[in-house]
Amino acid sequence: MDAQGRGRADDVDPADQWVLNPRTGEYELRLSPSAPAAPEPSVPGPRAAGRRTAAPGREVPPQRRRRPAPEEPVPGRRGRRPEKKKSRSKKVLLWTGGTMAFVVLVAGVGGYVYLKHLEGNVSTTDVGNAGSSSFKKDEAFNILIIGTDKRTGEGNEGYGDKGSAGHADTNILLHVAKDRSNATALSIPRDLIVDIPDCPTTQEDGSTKVIPGSTGVRFNQSLGDLGRDAGCTMRTVTETTGVKPDHFMMADFNAVKTLTSAVGGVDVCVEHAVDDPKSHLKLPAGESTVEGEQALAFVRTRHAFGNEGDLDRIKVQQQFLGSLMRKMSSSDTLTSPTKLVKLAEAATKALTVDSAIGNVGTLKDVALELKKVPPKNITFATVPVLDNPAEKVKATVVVNEAKAPQVFDMIRNDISFTEVEQKKKAKQKKEDAAVAARLEGEKSEPAEVRVRILNGGAPSGSAGRELTYLQNEAGVTKSENAGNAPADIARTTLEYAPDQADQARALAEILGLSGAAMKPGESVTNSQGLPAMTLTLGKDFKGAGVKLDAKSIETPDLEKSTADQKLCAS
């Protein structure tokens, strides 16, 4: 029986039965005259409209309908009609890499039996409340991608710790924006010193065991040590960054080998020739194509680039993933059913995911949402870190508290790290002329603006951080922190008296406030007994210095790249 479970002869590759019709842009099932007819799958499922059955196990092509020629079925087409592929479907994302290939296959080929076969390949872990209980297609979402150093499969004896349950060796927090205009892949160093919280884990018998937390240990110990599962790694990410992963996807060494072989190799570039006896990586200067064992050596080597540390290896891995995305979105891959079948098999066999996304239908939904993101707006970055000051011999790193909070805030508040077009939603009500007019007119100098800042639903400490920004960077020196508002509000507001309109317009420009956020009313008295406006930060507050209408902001001193860039490792 073949991969689709259709009962054809063993020597018939199911992928070879699907042919791309250049006129329609669809994959069509075309059997050669000598090939045996495909019987109906034994699993019940919906029948195509208008289908006629001539005999058990054989289908007769549906009658032509009276409609324009482009709408008629192509003669010889059998089985389910694949979903029409659009040009934007070529924008594919991966380190969930194989997941994306599997999804393109599902969307383009279909087949209930084959879907259930793929679902049987995927392993799942119950992470409890460490993540979300379901996947929502209309929301922003975070997926923690974990590459473990666990040894599985043939030829992996030289990697990882023998007998290890597998540690969190490579970690990427992937945030996908609500409007799918952008995504951020934030690498978390394995040697980052963190506090691992207590982790409830589900045992084989269904019971729950709480694994005690650890203070001041490497991030990679959040998986494997003491029986910790991926749920513990997710909880550690939340504890460290304030960003809660909704789901996780985990793969081991074999994934890199099988996935790169499935696409026929990944293009990489190195500035200088590489000959690393420890990883056995040998590459000439310039561009090369790597797959299988050589691809694994490329992403595993620590001694061929930079200062031979993990942070330099992370940069190389990010460049590799960007290249893998480009290869998967190429027409050479997307128009090859054979490659798509191989990718679907390799990806599903390589993955372990949380139970909430463990069925093929949900994985398909995840990947279809991921492929909406343009590669030019997929940003690779790393958690800003510093050498651990407690060590004489530098081996670990700590979070850079001067830079990292802004990065975490941007992800938490769905702010892009690249410039993206502002999309106006049809549901969004347009402000009437009177509301819009609040922004029009003269503006005071920032030094003349008097305002008291209240926290009305923003994260704790937001009023203080915004005050620091206004005074030190925006020139609003006559501002002060007034503590918490009487009640939480959804949206930030600025209340001002009629004679403060010029000050209000100036502050609105600095903060990115809309006319609707400006509330004509009364002034209040500040600590010096002078009239002042009231700025109340709502739940929509995006971070100190971040404009309320911003889709993206500058992140100074943060090294980053995007998935469409071709870079050379050095």
# chains A, B, ... in the order shown; residues from 1 in each chain; ligands from 1
>>> select_by_dssp(residues="range 467-545 of chain A", states="helix (DSSP H, G or I)", output="list in words")
Leu467, Thr468, Tyr469, Leu470, Gln471, Asn472, Pro498, Asp499, Gln500, Ala501, Asp502, Gln503, Ala504, Arg505, Ala506, Leu507, Ala508, Glu509, Ile510, Leu511, Gly515, Ala516 and Ala517 of chain A
>>> write_last_selection(atoms="N, CA, C and O atoms", output="PDB file, in the first residue's frame")
ATOM      1  N   LEU A 467       7.211  57.980  32.337  1.00  0.00           N
ATOM      2  CA  LEU A 467       7.668  59.263  32.875  1.00  0.00           C
ATOM      3  C   LEU A 467       9.152  59.468  32.555  1.00  0.00           C
ATOM      4  O   LEU A 467       9.560  60.548  32.122  1.00  0.00           O
ATOM      5  N   THR A 468       9.943  58.434  32.767  1.00  0.00           N
ATOM      6  CA  THR A 468      11.375  58.516  32.471  1.00  0.00           C
ATOM      7  C   THR A 468      11.610  58.838  31.002  1.00  0.00           C
ATOM      8  O   THR A 468      12.457  59.669  30.650  1.00  0.00           O
ATOM      9  N   TYR A 469      10.844  58.199  30.131  1.00  0.00           N
ATOM     10  CA  TYR A 469      10.981  58.464  28.700  1.00  0.00           C
ATOM     11  C   TYR A 469      10.600  59.908  28.374  1.00  0.00           C
ATOM     12  O   TYR A 469      11.329  60.609  27.666  1.00  0.00           O
ATOM     13  N   LEU A 470       9.455  60.358  28.881  1.00  0.00           N
ATOM     14  CA  LEU A 470       8.986  61.707  28.570  1.00  0.00           C
ATOM     15  C   LEU A 470       9.979  62.773  29.043  1.00  0.00           C
ATOM     16  O   LEU A 470      10.266  63.733  28.323  1.00  0.00           O
ATOM     17  N   GLN A 471      10.517  62.600  30.242  1.00  0.00           N
ATOM     18  CA  GLN A 471      11.423  63.610  30.803  1.00  0.00           C
ATOM     19  C   GLN A 471      12.800  63.580  30.153  1.00  0.00           C
ATOM     20  O   GLN A 471      13.371  64.633  29.843  1.00  0.00           O
ATOM     21  N   ASN A 472      13.342  62.387  29.945  1.00  0.00           N
ATOM     22  CA  ASN A 472      14.729  62.270  29.490  1.00  0.00           C
ATOM     23  C   ASN A 472      14.899  62.264  27.979  1.00  0.00           C
ATOM     24  O   ASN A 472      15.957  62.645  27.464  1.00  0.00           O
ATOM     25  N   PRO A 498     -10.011  73.120  27.896  1.00  0.00           N
ATOM     26  CA  PRO A 498      -9.980  73.814  26.599  1.00  0.00           C
ATOM     27  C   PRO A 498      -8.732  74.653  26.384  1.00  0.00           C
ATOM     28  O   PRO A 498      -8.203  74.706  25.266  1.00  0.00           O
ATOM     29  N   ASP A 499      -8.257  75.311  27.448  1.00  0.00           N
ATOM     30  CA  ASP A 499      -7.070  76.152  27.260  1.00  0.00           C
ATOM     31  C   ASP A 499      -5.768  75.352  27.232  1.00  0.00           C
ATOM     32  O   ASP A 499      -4.683  75.930  27.150  1.00  0.00           O
ATOM     33  N   GLN A 500      -5.868  74.020  27.310  1.00  0.00           N
ATOM     34  CA  GLN A 500      -4.678  73.161  27.240  1.00  0.00           C
ATOM     35  C   GLN A 500      -4.619  72.393  25.913  1.00  0.00           C
ATOM     36  O   GLN A 500      -3.813  71.478  25.761  1.00  0.00           O
ATOM     37  N   ALA A 501      -5.460  72.782  24.961  1.00  0.00           N
ATOM     38  CA  ALA A 501      -5.544  72.038  23.703  1.00  0.00           C
ATOM     39  C   ALA A 501      -4.203  72.002  22.964  1.00  0.00           C
ATOM     40  O   ALA A 501      -3.843  70.984  22.346  1.00  0.00           O
ATOM     41  N   ASP A 502      -3.447  73.114  23.008  1.00  0.00           N
ATOM     42  CA  ASP A 502      -2.158  73.118  22.311  1.00  0.00           C
ATOM     43  C   ASP A 502      -1.172  72.160  22.971  1.00  0.00           C
ATOM     44  O   ASP A 502      -0.367  71.503  22.301  1.00  0.00           O
ATOM     45  N   GLN A 503      -1.232  72.053  24.309  1.00  0.00           N
ATOM     46  CA  GLN A 503      -0.387  71.081  25.008  1.00  0.00           C
ATOM     47  C   GLN A 503      -0.832  69.649  24.670  1.00  0.00           C
ATOM     48  O   GLN A 503       0.002  68.758  24.466  1.00  0.00           O
ATOM     49  N   ALA A 504      -2.146  69.445  24.609  1.00  0.00           N
ATOM     50  CA  ALA A 504      -2.680  68.114  24.318  1.00  0.00           C
ATOM     51  C   ALA A 504      -2.250  67.640  22.926  1.00  0.00           C
ATOM     52  O   ALA A 504      -1.869  66.477  22.738  1.00  0.00           O
ATOM     53  N   ARG A 505      -2.295  68.542  21.960  1.00  0.00           N
ATOM     54  CA  ARG A 505      -1.884  68.161  20.610  1.00  0.00           C
ATOM     55  C   ARG A 505      -0.402  67.814  20.554  1.00  0.00           C
ATOM     56  O   ARG A 505       0.016  66.884  19.847  1.00  0.00           O
ATOM     57  N   ALA A 506       0.397  68.546  21.304  1.00  0.00           N
ATOM     58  CA  ALA A 506       1.833  68.260  21.335  1.00  0.00           C
ATOM     59  C   ALA A 506       2.098  66.884  21.932  1.00  0.00           C
ATOM     60  O   ALA A 506       2.900  66.091  21.413  1.00  0.00           O
ATOM     61  N   LEU A 507       1.421  66.572  23.049  1.00  0.00           N
ATOM     62  CA  LEU A 507       1.629  65.281  23.700  1.00  0.00           C
ATOM     63  C   LEU A 507       1.060  64.142  22.853  1.00  0.00           C
ATOM     64  O   LEU A 507       1.646  63.050  22.801  1.00  0.00           O
ATOM     65  N   ALA A 508      -0.068  64.414  22.185  1.00  0.00           N
ATOM     66  CA  ALA A 508      -0.657  63.391  21.322  1.00  0.00           C
ATOM     67  C   ALA A 508       0.304  63.002  20.208  1.00  0.00           C
ATOM     68  O   ALA A 508       0.412  61.823  19.837  1.00  0.00           O
ATOM     69  N   GLU A 509       1.019  63.977  19.671  1.00  0.00           N
ATOM     70  CA  GLU A 509       1.991  63.692  18.617  1.00  0.00           C
ATOM     71  C   GLU A 509       3.133  62.841  19.149  1.00  0.00           C
ATOM     72  O   GLU A 509       3.605  61.913  18.486  1.00  0.00           O
ATOM     73  N   ILE A 510       3.596  63.148  20.354  1.00  0.00           N
ATOM     74  CA  ILE A 510       4.691  62.387  20.964  1.00  0.00           C
ATOM     75  C   ILE A 510       4.267  60.954  21.247  1.00  0.00           C
ATOM     76  O   ILE A 510       5.031  60.008  21.035  1.00  0.00           O
ATOM     77  N   LEU A 511       3.020  60.785  21.712  1.00  0.00           N
ATOM     78  CA  LEU A 511       2.549  59.471  22.152  1.00  0.00           C
ATOM     79  C   LEU A 511       1.880  58.660  21.052  1.00  0.00           C
ATOM     80  O   LEU A 511       1.614  57.468  21.231  1.00  0.00           O
ATOM     81  N   GLY A 515      -7.397  61.044  17.775  1.00  0.00           N
ATOM     82  CA  GLY A 515      -8.322  62.054  18.256  1.00  0.00           C
ATOM     83  C   GLY A 515      -9.293  61.485  19.271  1.00  0.00           C
ATOM     84  O   GLY A 515      -9.707  62.174  20.222  1.00  0.00           O
ATOM     85  N   ALA A 516      -9.670  60.214  19.089  1.00  0.00           N
ATOM     86  CA  ALA A 516     -10.616  59.586  20.013  1.00  0.00           C
ATOM     87  C   ALA A 516     -10.025  59.416  21.410  1.00  0.00           C
ATOM     88  O   ALA A 516     -10.756  59.331  22.399  1.00  0.00           O
ATOM     89  N   ALA A 517      -8.680  59.344  21.506  1.00  0.00           N
ATOM     90  CA  ALA A 517      -8.041  59.187  22.810  1.00  0.00           C
ATOM     91  C   ALA A 517      -7.954  60.505  23.568  1.00  0.00           C
ATOM     92  O   ALA A 517      -7.678  60.525  24.767  1.00  0.00           O
TER      93      ALA A 517
END
>>> closest_atom_pairs(of="range 263-363 of chain A", to="range 182-206 of chain A", cutoff="10 Å", atoms="only C-alpha atoms", output="JSON lines")
{"residue": "A:Asp310", "atom": "CA", "partner": "A:Pro189", "partner_atom": "CA", "distance": 7.2}
{"residue": "A:Leu311", "atom": "CA", "partner": "A:Pro189", "partner_atom": "CA", "distance": 6.9}
{"residue": "A:Arg313", "atom": "CA", "partner": "A:Pro189", "partner_atom": "CA", "distance": 9.8}
{"residue": "A:Ile314", "atom": "CA", "partner": "A:Ser187", "partner_atom": "CA", "distance": 7.3}
{"residue": "A:Lys315", "atom": "CA", "partner": "A:Ser187", "partner_atom": "CA", "distance": 9.1}
{"residue": "A:Gln317", "atom": "CA", "partner": "A:Ser187", "partner_atom": "CA", "distance": 9.7}
{"residue": "A:Gln318", "atom": "CA", "partner": "A:Ser187", "partner_atom": "CA", "distance": 8.4}
>>> residues_around(residues="His167 in chain A", least_positions_apart="2", cutoff="6 Å", atoms="only C-alpha atoms", output="ChimeraX atom specification")
/A:148-149,169,220,223-224
>>> write_last_selection(atoms="N, CA, C and O atoms", output="PDB file, in the first residue's frame")
ATOM      1  N   THR A 148      16.474  19.769  20.522  1.00  0.00           N
ATOM      2  CA  THR A 148      17.128  19.084  21.639  1.00  0.00           C
ATOM      3  C   THR A 148      18.425  18.423  21.190  1.00  0.00           C
ATOM      4  O   THR A 148      18.638  18.169  19.997  1.00  0.00           O
ATOM      5  N   ASP A 149      19.274  18.117  22.173  1.00  0.00           N
ATOM      6  CA  ASP A 149      20.524  17.415  21.879  1.00  0.00           C
ATOM      7  C   ASP A 149      20.390  15.919  22.160  1.00  0.00           C
ATOM      8  O   ASP A 149      21.371  15.225  22.380  1.00  0.00           O
ATOM      9  N   ASP A 169      18.603  22.654  23.681  1.00  0.00           N
ATOM     10  CA  ASP A 169      19.865  23.074  23.093  1.00  0.00           C
ATOM     11  C   ASP A 169      19.706  24.301  22.184  1.00  0.00           C
ATOM     12  O   ASP A 169      20.517  25.209  22.208  1.00  0.00           O
ATOM     13  N   ASN A 220      19.080  25.630  29.338  1.00  0.00           N
ATOM     14  CA  ASN A 220      18.889  24.314  28.723  1.00  0.00           C
ATOM     15  C   ASN A 220      18.495  23.241  29.730  1.00  0.00           C
ATOM     16  O   ASN A 220      17.991  22.182  29.357  1.00  0.00           O
ATOM     17  N   LEU A 223      14.692  21.543  30.282  1.00  0.00           N
ATOM     18  CA  LEU A 223      14.199  20.347  29.610  1.00  0.00           C
ATOM     19  C   LEU A 223      15.134  19.187  29.931  1.00  0.00           C
ATOM     20  O   LEU A 223      16.353  19.338  29.871  1.00  0.00           O
ATOM     21  N   GLY A 224      14.565  18.035  30.264  1.00  0.00           N
ATOM     22  CA  GLY A 224      15.375  16.836  30.474  1.00  0.00           C
ATOM     23  C   GLY A 224      15.792  16.614  31.917  1.00  0.00           C
ATOM     24  O   GLY A 224      15.594  15.528  32.463  1.00  0.00           O
TER      25      GLY A 224
END
